[in-house]
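As stored in protein10.csv (CSV, C-alpha atoms):
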chain,number,residue,atom,x,y,z
A,38,MET,CA,0.0,0.0,0.0
A,39,GLN,CA,1.4,3.4,-1.0
A,40,LEU,CA,1.7,5.8,1.9
A,41,TYR,CA,4.2,8.2,0.4
A,42,ASN,CA,4.8,10.4,-2.7
A,43,LYS,CA,6.2,8.7,-5.7
A,44,LEU,CA,6.7,11.9,-7.8
A,45,SER,CA,9.0,14.8,-7.2
A,46,ALA,CA,7.6,18.3,-7.1
A,47,ARG,CA,9.1,19.0,-10.5
A,48,GLU,CA,7.5,15.9,-12.0
A,49,ARG,CA,4.2,16.8,-10.5
A,50,GLU,CA,4.4,20.3,-11.8
A,51,ALA,CA,5.0,19.0,-15.3
A,52,MET,CA,2.0,16.7,-15.0
A,53,LEU,CA,-0.3,19.5,-13.8
A,54,GLU,CA,0.8,21.8,-16.6
A,55,GLU,CA,0.2,19.0,-19.2
A,56,ALA,CA,-3.3,18.2,-17.8
A,57,GLY,CA,-4.3,21.9,-17.7
A,58,GLU,CA,-7.2,21.1,-15.4
A,59,ASP,CA,-8.7,23.5,-12.8
A,60,ARG,CA,-7.9,22.9,-9.2
A,61,LEU,CA,-9.3,24.4,-6.0
A,62,THR,CA,-7.0,25.6,-3.2
A,63,ILE,CA,-8.9,24.7,0.1
A,64,SER,CA,-8.1,24.9,3.8
A,65,PHE,CA,-10.0,23.6,6.8
A,66,TYR,CA,-9.3,22.6,10.4
A,67,GLN,CA,-11.2,20.9,13.2
A,68,TYR,CA,-10.3,20.4,16.8
A,69,ALA,CA,-11.4,16.9,17.8
A,70,LYS,CA,-10.2,14.0,19.9
A,71,ILE,CA,-8.4,11.5,17.6
A,72,GLY,CA,-7.5,8.3,19.3
A,73,ASN,CA,-5.0,7.0,16.8
A,74,PRO,CA,-3.5,9.8,14.6
A,75,GLU,CA,-1.2,7.5,12.7
A,76,LEU,CA,-4.0,5.2,11.6
A,77,PHE,CA,-6.1,8.3,10.7
A,78,ARG,CA,-3.2,9.8,8.8
A,79,ASN,CA,-2.8,6.6,6.7
A,80,HIS,CA,-6.6,6.5,6.0
A,81,LEU,CA,-6.4,10.1,4.7
A,82,PHE,CA,-3.3,9.6,2.6
A,83,VAL,CA,-4.7,6.5,0.8
A,84,ALA,CA,-8.1,8.2,0.0
A,85,TRP,CA,-6.6,11.6,-1.1
A,86,ASP,CA,-3.8,10.1,-3.1
A,87,GLU,CA,-6.5,8.2,-5.1
A,88,GLN,CA,-8.5,11.5,-5.5
A,89,GLU,CA,-5.3,13.3,-6.8
A,90,VAL,CA,-5.5,15.7,-3.8
A,91,LEU,CA,-2.2,17.5,-3.0
A,92,GLY,CA,-1.4,19.6,0.1
A,93,ARG,CA,0.0,19.8,3.6
A,94,ILE,CA,-2.0,18.2,6.4
A,95,TYR,CA,-1.2,17.9,10.1
A,96,VAL,CA,-3.0,15.3,12.2
A,97,ALA,CA,-2.7,15.1,16.0
A,98,HIS,CA,-4.7,13.8,19.0
A,99,GLU,CA,-6.3,17.3,19.2
A,100,GLY,CA,-7.6,17.3,15.5
A,101,ILE,CA,-6.6,18.1,11.9
A,102,ASN,CA,-5.3,21.1,10.1
A,103,ALA,CA,-5.3,20.9,6.3
A,104,GLN,CA,-4.3,23.0,3.3
A,105,LEU,CA,-5.1,21.3,0.0
A,106,SER,CA,-5.3,21.5,-3.7
A,107,VAL,CA,-8.2,19.5,-5.0
A,108,PRO,CA,-9.1,18.8,-8.7
A,109,ALA,CA,-12.2,20.9,-9.3
A,110,LYS,CA,-13.9,18.0,-11.2
A,111,ARG,CA,-13.5,15.8,-8.1
A,112,PHE,CA,-14.6,18.3,-5.5
A,113,ASP,CA,-18.0,16.5,-4.8
A,114,GLU,CA,-16.1,13.2,-4.3
A,115,PHE,CA,-13.7,15.0,-1.9
A,116,LYS,CA,-16.6,16.6,0.0
A,117,ALA,CA,-18.4,13.3,0.3
A,118,PHE,CA,-15.3,11.7,1.8
A,119,LEU,CA,-15.1,14.4,4.4
A,120,ASP,CA,-18.8,14.0,5.2
A,121,GLY,CA,-18.2,10.3,5.9
A,122,ILE,CA,-15.9,11.2,8.8
A,123,TYR,CA,-18.2,12.1,11.8
A,124,PHE,CA,-16.2,15.1,13.1
A,125,LEU,CA,-15.7,16.5,9.6
A,126,LYS,CA,-19.3,16.3,8.3
A,127,ASP,CA,-20.4,19.7,6.9
A,128,ILE,CA,-17.0,21.2,7.9
A,129,ARG,CA,-16.6,24.7,6.7
A,130,LEU,CA,-14.1,24.8,3.8
A,131,ASN,CA,-12.2,28.0,3.1
A,132,ILE,CA,-11.8,28.2,-0.7
A,133,ALA,CA,-9.1,30.5,-1.9
A,134,ILE,CA,-10.0,33.8,-3.5
A,135,GLU,CA,-7.2,33.5,-6.1
A,136,GLN,CA,-6.8,30.0,-7.6
A,137,ASP,CA,-3.5,28.4,-8.8
A,138,MET,CA,-3.4,24.9,-10.0
A,139,LYS,CA,0.2,24.6,-8.6
A,140,SER,CA,-0.5,25.9,-5.1
A,141,PHE,CA,0.7,22.5,-3.8
A,142,LEU,CA,2.9,19.9,-5.6
A,143,LYS,CA,2.9,17.0,-3.2
A,144,LEU,CA,0.6,15.3,-0.7
A,145,LYS,CA,2.1,15.4,2.8
A,146,VAL,CA,0.0,14.1,5.7
A,147,LYS,CA,2.1,14.3,8.9
A,148,VAL,CA,1.4,13.3,12.5
A,149,ARG,CA,2.3,16.0,15.0
A,150,ASP,CA,2.1,16.4,18.7
A,151,LYS,CA,-0.4,19.3,18.1
A,152,ILE,CA,-2.0,20.6,14.9
A,153,LEU,CA,-1.0,24.1,16.1
A,154,ALA,CA,2.1,24.5,18.3
A,155,ASP,CA,1.2,26.6,21.3
A,156,GLY,CA,3.9,25.9,23.9
A,157,LEU,CA,1.2,25.2,26.5
A,158,ASP,CA,1.4,22.4,29.1
A,159,ASP,CA,-1.8,23.0,30.9
A,160,LYS,CA,-4.0,19.9,31.4
A,161,THR,CA,-7.0,22.0,32.5
A,162,PHE,CA,-7.1,24.0,29.3
A,163,ASP,CA,-9.9,22.8,27.0
A,164,VAL,CA,-9.5,24.0,23.4
A,165,THR,CA,-13.1,23.3,22.6
A,166,LYS,CA,-14.4,26.0,25.0
A,167,LYS,CA,-13.8,28.7,22.5
A,168,GLY,CA,-14.9,32.3,22.0
A,169,GLU,CA,-17.9,33.4,20.0
A,170,HIS,CA,-17.6,33.1,16.2
A,171,VAL,CA,-18.7,36.2,14.2
A,172,ASN,CA,-19.3,36.7,10.5
A,173,ALA,CA,-18.1,39.7,8.5
A,174,VAL,CA,-21.1,41.9,9.3
A,175,LYS,CA,-20.8,41.3,13.1
A,176,PHE,CA,-17.0,41.6,12.9
A,177,ASN,CA,-17.3,45.1,11.2
A,178,GLU,CA,-19.7,46.2,13.8
A,179,LEU,CA,-17.5,45.0,16.7
A,180,ILE,CA,-14.3,46.6,15.4
A,181,SER,CA,-16.1,49.9,15.0
A,182,ASN,CA,-17.0,49.8,18.7
A,183,PRO,CA,-14.6,51.9,20.8
A,184,ASN,CA,-14.9,49.3,23.5
A,185,THR,CA,-13.2,46.7,21.3
A,186,VAL,CA,-9.6,45.6,21.2
A,187,LEU,CA,-8.8,44.0,17.8
A,188,VAL,CA,-5.8,41.6,17.8
A,189,ASP,CA,-4.0,40.0,14.8
A,190,MET,CA,-3.0,36.5,15.8
A,191,ARG,CA,-0.6,36.0,12.9
A,192,ASN,CA,3.2,36.5,12.7
A,193,HIS,CA,5.1,39.7,11.8
A,194,TYR,CA,5.9,38.7,8.2
A,195,GLU,CA,2.2,38.1,7.6
A,196,THR,CA,0.9,41.4,9.2
A,197,GLU,CA,3.6,43.3,7.4
A,198,ILE,CA,1.9,43.0,4.0
A,199,GLY,CA,-1.7,43.2,5.2
A,200,HIS,CA,-3.9,43.6,8.3
A,201,PHE,CA,-7.2,45.0,9.5
A,202,GLN,CA,-7.3,48.8,10.2
A,203,GLY,CA,-6.7,49.5,13.8
A,204,ALA,CA,-5.5,46.1,14.7
A,205,ILE,CA,-2.8,45.3,17.3
A,206,THR,CA,-0.1,43.4,15.4
A,207,PRO,CA,2.3,41.7,17.8
A,208,ASP,CA,5.9,41.6,16.6
A,209,VAL,CA,6.3,37.8,16.9
A,210,ASP,CA,7.8,35.0,14.8
A,211,THR,CA,5.4,32.2,16.1
A,212,PHE,CA,1.9,31.7,17.5
A,213,ARG,CA,3.3,30.4,20.8
A,214,GLU,CA,5.1,33.7,21.3
A,215,SER,CA,1.9,35.8,20.9
A,216,LEU,CA,-0.2,34.1,23.6
A,217,PRO,CA,1.7,35.4,26.7
A,218,ILE,CA,2.5,38.8,25.1
A,219,ILE,CA,-1.1,39.6,24.3
A,220,GLU,CA,-2.3,38.4,27.7
A,221,ASN,CA,0.1,40.6,29.5
A,222,ASP,CA,-0.6,43.6,27.3
A,223,LEU,CA,-4.4,43.3,27.8
A,224,LYS,CA,-4.5,42.0,31.4
A,225,ASP,CA,-6.2,45.2,32.6
A,226,PHE,CA,-9.1,44.8,30.1
A,227,LYS,CA,-10.2,41.2,30.9
A,228,GLU,CA,-13.6,42.3,32.3
A,229,GLU,CA,-14.9,45.2,30.3
A,230,LYS,CA,-13.3,45.2,26.8
A,231,ASN,CA,-14.4,43.1,23.8
A,232,LEU,CA,-11.4,41.0,22.7
A,233,VAL,CA,-11.8,40.3,19.0
A,234,MET,CA,-9.2,38.2,17.1
A,235,TYR,CA,-8.6,37.2,13.6
A,236,CYS,CA,-6.0,35.1,11.6
A,237,THR,CA,-5.8,33.6,8.1
A,238,GLY,CA,-8.4,30.8,8.2
A,239,GLY,CA,-9.4,30.7,11.9
A,240,ILE,CA,-7.3,27.9,13.4
A,241,ARG,CA,-5.1,30.2,15.5
A,242,CYS,CA,-8.0,32.3,16.8
A,243,GLU,CA,-9.9,29.2,17.7
A,244,LYS,CA,-7.2,28.1,20.1
A,245,ALA,CA,-6.4,31.6,21.2
A,246,SER,CA,-10.0,32.4,22.0
A,247,ALA,CA,-10.3,29.3,24.1
A,248,TYR,CA,-7.1,30.1,25.9
A,249,TYR,CA,-8.0,33.7,26.7
A,250,LYS,CA,-11.4,32.5,28.0
A,251,HIS,CA,-9.5,30.0,30.1
A,252,ARG,CA,-7.3,32.9,31.4
A,253,GLY,CA,-10.3,34.9,32.5
A,254,PHE,CA,-11.2,37.2,29.6
A,255,LYS,CA,-15.0,37.6,29.5
A,256,ASN,CA,-16.0,39.0,26.1
A,257,VAL,CA,-14.0,37.0,23.5
A,258,TYR,CA,-14.8,36.9,19.8
A,259,GLN,CA,-13.1,35.4,16.7
A,260,LEU,CA,-13.6,36.1,13.0
A,261,GLU,CA,-15.1,32.9,11.7
A,262,GLY,CA,-13.2,31.5,8.8
A,263,GLY,CA,-10.5,34.2,9.2
A,264,ILE,CA,-9.5,36.6,6.5
A,265,ILE,CA,-10.3,34.1,3.7
A,266,GLU,CA,-14.0,33.8,4.7
A,267,TYR,CA,-14.3,37.5,5.5
A,268,THR,CA,-13.1,38.4,2.0
A,269,ARG,CA,-15.6,36.1,0.4
A,270,GLN,CA,-18.5,37.5,2.5
A,271,VAL,CA,-17.4,41.1,1.8
A,272,LYS,CA,-17.5,40.4,-1.9
A,273,GLU,CA,-20.8,38.4,-1.9
A,274,GLN,CA,-22.7,40.9,0.3
A,275,ASN,CA,-21.0,44.1,-0.9
A,276,LEU,CA,-19.8,45.0,2.6
A,277,GLU,CA,-17.2,47.5,3.5
A,278,ASN,CA,-13.8,45.9,3.4
A,279,LYS,CA,-11.7,46.9,6.4
A,280,PHE,CA,-8.7,44.8,5.5
A,281,ILE,CA,-5.8,46.6,3.8
A,282,GLY,CA,-3.1,45.0,1.7
A,283,LYS,CA,-2.5,41.3,1.1
A,284,ASN,CA,-3.4,38.1,3.0
A,285,PHE,CA,-0.3,35.9,3.4
A,286,VAL,CA,-1.0,32.3,2.6
A,287,PHE,CA,1.1,29.2,3.2
A,288,ASP,CA,1.4,27.7,-0.3
A,289,HIS,CA,3.3,28.5,-3.5
A,290,ARG,CA,1.1,31.6,-4.1
A,291,ARG,CA,2.4,33.2,-0.8
A,292,ALA,CA,-0.4,35.8,-0.8
A,293,GLU,CA,-3.9,36.9,-2.0
A,294,LYS,CA,-4.6,40.5,-2.9
A,295,ILE,CA,-7.5,41.8,-0.7
A,296,SER,CA,-7.2,45.5,-1.3
A,297,ASP,CA,-5.2,47.8,-3.6
A,298,GLU,CA,-3.1,49.3,-0.9
A,299,VAL,CA,0.6,48.3,-0.7
A,300,ILE,CA,1.6,48.8,2.9
A,301,ALA,CA,5.0,47.1,3.0
A,302,LYS,CA,8.3,47.9,1.4
A,303,CYS,CA,11.2,46.0,-0.3
A,304,HIS,CA,13.6,44.8,2.3
A,305,GLN,CA,16.5,45.7,0.1
A,306,CYS,CA,15.8,49.2,-1.3
A,307,GLY,CA,12.8,50.4,0.7
A,308,ALA,CA,10.5,50.9,-2.3
A,309,ALA,CA,6.8,50.1,-1.9
A,310,CYS,CA,6.4,46.4,-2.4
A,311,ASP,CA,4.5,43.4,-0.8
A,312,THR,CA,5.9,40.4,-2.7
A,313,HIS,CA,7.4,37.7,-0.6
A,314,VAL,CA,10.1,35.5,-2.2
A,315,ASN,CA,12.6,33.0,-1.0
A,316,CYS,CA,16.3,33.6,-1.5
A,317,ALA,CA,17.4,31.7,-4.6
A,318,ASN,CA,20.5,30.3,-2.8
A,319,GLU,CA,19.1,26.9,-1.6
A,320,ALA,CA,21.5,27.0,1.4
A,321,CYS,CA,19.8,30.2,2.6
A,322,HIS,CA,16.1,30.1,1.4
A,323,LEU,CA,15.4,33.2,3.5
A,324,LEU,CA,11.8,34.5,3.1
A,325,PHE,CA,11.8,38.3,2.5
A,326,ILE,CA,10.1,41.0,0.5
A,327,GLN,CA,11.9,41.9,-2.8
A,328,CYS,CA,10.8,44.3,-5.6
A,329,PRO,CA,11.4,43.4,-9.3
A,330,SER,CA,14.3,45.9,-9.6
A,331,CYS,CA,16.2,44.3,-6.7
A,332,ALA,CA,15.3,40.8,-7.9
A,333,GLU,CA,17.0,41.6,-11.2
A,334,LYS,CA,19.9,43.3,-9.5
A,335,MET,CA,20.5,40.6,-6.9
A,336,ASN,CA,19.6,37.6,-9.1
A,337,ASN,CA,16.7,36.7,-6.7
A,338,CYS,CA,19.0,36.5,-3.7
A,339,CYS,CA,19.0,38.2,-0.3
A,340,SER,CA,22.6,39.3,-0.2
A,341,ASP,CA,25.8,39.6,-2.2
A,342,LYS,CA,27.2,36.5,-0.6
A,343,CYS,CA,24.2,34.5,-1.6
A,344,LYS,CA,24.3,36.0,-5.1
A,345,GLU,CA,27.9,34.8,-5.5
A,346,ILE,CA,27.0,31.3,-4.4
A,347,HIS,CA,23.9,31.1,-6.6
A,348,ALA,CA,26.1,32.1,-9.6
A,349,LEU,CA,28.3,29.0,-9.1
A,350,PRO,CA,27.6,25.8,-11.1
A,351,TYR,CA,25.0,23.7,-9.3
A,352,GLU,CA,27.5,20.9,-8.4
A,353,GLU,CA,29.7,23.4,-6.7
A,354,GLN,CA,26.7,24.7,-4.7
A,355,LYS,CA,25.9,21.2,-3.6
A,356,ALA,CA,29.5,20.6,-2.6
A,357,LEU,CA,29.4,23.8,-0.4
A,358,ARG,CA,26.3,22.5,1.3
A,359,LYS,CA,27.6,19.0,1.9
A,360,GLY,CA,27.9,18.0,5.5
A,361,LYS,CA,26.3,21.3,6.7
A,362,HIS,CA,23.1,21.2,8.7
A,363,ASN,CA,20.6,24.0,7.9
A,364,SER,CA,19.3,25.2,11.3
A,365,ASN,CA,16.0,27.1,11.7
A,366,LYS,CA,18.0,30.3,11.5
A,367,ILE,CA,17.8,30.2,7.7
A,368,PHE,CA,14.0,30.7,7.9
A,369,LYS,CA,14.2,33.9,9.8
A,370,LYS,CA,11.5,35.4,7.6
A,371,GLY,CA,12.7,39.0,7.0
A,372,ARG,CA,14.7,39.3,10.2
A,373,SER,CA,18.2,38.7,8.6
A,374,GLU,CA,20.9,41.3,9.2
A,375,VAL,CA,21.6,41.4,5.5
A,376,LEU,CA,18.3,43.2,4.9
A,377,LYS,CA,18.6,47.0,5.1
A,378,PHE,CA,14.8,47.6,5.4
A,379,LYS,CA,13.7,44.6,7.3
A,380,ALA,CA,10.6,44.6,9.4

As C-alpha cells:
Amino acid sequence: MQLYNKLSAREREAMLEEAGEDRLTISFYQYAKIGNPELFRNHLFVAWDEQEVLGRIYVAHEGINAQLSVPAKRFDEFKAFLDGIYFLKDIRLNIAIEQDMKSFLKLKVKVRDKILADGLDDKTFDVTKKGEHVNAVKFNELISNPNTVLVDMRNHYETEIGHFQGAITPDVDTFRESLPIIENDLKDFKEEKNLVMYCTGGIRCEKASAYYKHRGFKNVYQLEGGIIEYTRQVKEQNLENKFIGKNFVFDHRRAEKISDEVIAKCHQCGAACDTHVNCANEACHLLFIQCPSCAEKMNNCCSDKCKEIHALPYEEQKALRKGKHNSNKIFKKGRSEVLKFKA
C-alpha cells in the first residue's frame, strides 16, 4: 500500500501543466479527539492520493489542520469523503479567493504532537471551550465599537503585508510567542473590553479564544473562517472591506490580494512592495520582500554572498552545502541582518 509520494515536485508540476485542469485551493481545520492519529493519517493519505489531492495536512490527538489542492472535477467526491468522517461532516471549507493549479505539488500528511504548536502544558485547558464566532457583518460592527480591542494572531511577516485597520499586530515570529505577550498587554481589560481576534483561516484564533477565556477574559470573539472567509463574504454581500493589503498564505502563491493598498516595502531598497520571495540560494532560502528591480539586480538573492554562491555551477553549490546542517536560522522570515529595510 502506497503511503508516500512517488513523484517529485518537478515531475508533479509538469503533469499538472500538461493536464491543464482547474484545481481548487482549500483549507480547513477541526479540533477533535483523535485516538490513533497514525491510523487516521494513513486513511487520509490513501483516499486523497487516489483522488489526486495535494497539500500539507497535520494530524494530532487534538484534531486536523489541512491546506489542500483538489481537482475541481472531483470536489464533490472529496466533500463526500469528508462528510463520511463524523467530526468533519459539513465542515466549513475555506476556498481560496485566487486560484492556482500549482499551489501544492505534493501530498504530505504528517502526524504531529499538536496541529498548532502553542507551547502550552496546561492539562486544565480545553481548546473546545472557544470564544464566539462572528461573521463579516458582526465583525465590522464589533471593530467599530470603541470598547473593542482588535488583535491580529498572525506572525510579523504576515501582518507586514496586510492587516485590518486599527489592529494590534504583535511583533512575533510564532503563534506560541503571541499568547503570553497579548495576555500581558491586555491584562487590565479582561472584564470590560471586547477582545476580537482574527487570523488567516481561523485555526489560530480558535485556540487563542479558548485560551483567553480560560485565562479569565469575559468577552471573547473570533472572526469565523478568518481573513479568507471574511473576504468572500465582503464580496458576496457588498460589505465595507476593512482589511488593507494582502493576505499571506502558506502555499506557493504566498499571498492573496485583498485591497489595492501596498503597505509594505522592499527589504533591500525600501520601495513600496509586498511580494514575498525565498532567496534563490538553496542553502539560505530566506523568506523576504523583494521588488522586481532588486530581484533583477540581486539575481533573486537576499545578499551579495548568496548572489555569489547562486552564480556558481550547481554541483559546486551542492559541494558547499555538503555536511552542513541547515538550522532554523535560515528561515528567519525577514529578520536577517543582510536586509537593510527589514521589518

Mind listing whatever residues come within 12 Å of the point (-8.4, 20.0, -15.5)? Use all atoms listed in the file, file coordinates, and give them as a PDB file with C-alpha atoms, keeping the file's coordinate frame.
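This is the output file out-v2.pdb:
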ATOM      1  CA  MET A  52       2.000  16.700 -15.000  1.00  0.00           C
ATOM      2  CA  LEU A  53      -0.300  19.500 -13.800  1.00  0.00           C
ATOM      3  CA  GLU A  54       0.800  21.800 -16.600  1.00  0.00           C
ATOM      4  CA  GLU A  55       0.200  19.000 -19.200  1.00  0.00           C
ATOM      5  CA  ALA A  56      -3.300  18.200 -17.800  1.00  0.00           C
ATOM      6  CA  GLY A  57      -4.300  21.900 -17.700  1.00  0.00           C
ATOM      7  CA  GLU A  58      -7.200  21.100 -15.400  1.00  0.00           C
ATOM      8  CA  ASP A  59      -8.700  23.500 -12.800  1.00  0.00           C
ATOM      9  CA  ARG A  60      -7.900  22.900  -9.200  1.00  0.00           C
ATOM     10  CA  LEU A  61      -9.300  24.400  -6.000  1.00  0.00           C
ATOM     11  CA  GLU A  89      -5.300  13.300  -6.800  1.00  0.00           C
ATOM     12  CA  VAL A 107      -8.200  19.500  -5.000  1.00  0.00           C
ATOM     13  CA  PRO A 108      -9.100  18.800  -8.700  1.00  0.00           C
ATOM     14  CA  ALA A 109     -12.200  20.900  -9.300  1.00  0.00           C
ATOM     15  CA  LYS A 110     -13.900  18.000 -11.200  1.00  0.00           C
ATOM     16  CA  ARG A 111     -13.500  15.800  -8.100  1.00  0.00           C
ATOM     17  CA  PHE A 112     -14.600  18.300  -5.500  1.00  0.00           C
ATOM     18  CA  ASP A 137      -3.500  28.400  -8.800  1.00  0.00           C
ATOM     19  CA  MET A 138      -3.400  24.900 -10.000  1.00  0.00           C
ATOM     20  CA  LYS A 139       0.200  24.600  -8.600  1.00  0.00           C
TER      21      LYS A 139
END

Compare A:Asp127, A:Glu75, A:Asp311, A:Asp155 by their minimum atom-to-atom distance to Thr211 in chain A, counting all atoms listed in the file, and give me the closest one. A:Asp155

Which residues of range 136-203 of chain A come within 9 Å of range 224-230 of chain A, and for each one, what is the closest pair of atoms and their distance in Å to one decimal, counting only C-alpha atoms, sorted by chain and residue number, as JSON lines?
{"residue": "A:Asn184", "atom": "CA", "partner": "A:Lys230", "partner_atom": "CA", "distance": 5.5}
{"residue": "A:Thr185", "atom": "CA", "partner": "A:Lys230", "partner_atom": "CA", "distance": 5.7}
{"residue": "A:Val186", "atom": "CA", "partner": "A:Lys230", "partner_atom": "CA", "distance": 6.7}

Exercise: residues within 8 Å of coordinate (6.3, 48.4, -3.7), counting only C-alpha atoms, as a PyMOL selection string: chain A and resi 299+301-303+308-311+328

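For the pair CA of Cys339 in chain A and CA of Ile300 in chain A, the separation is 20.6 Å.
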
So which one's closest to Asn192 in chain A, A:His304, A:Arg291, A:Lys370, A:His313? Using only C-alpha atoms, please. A:Lys370
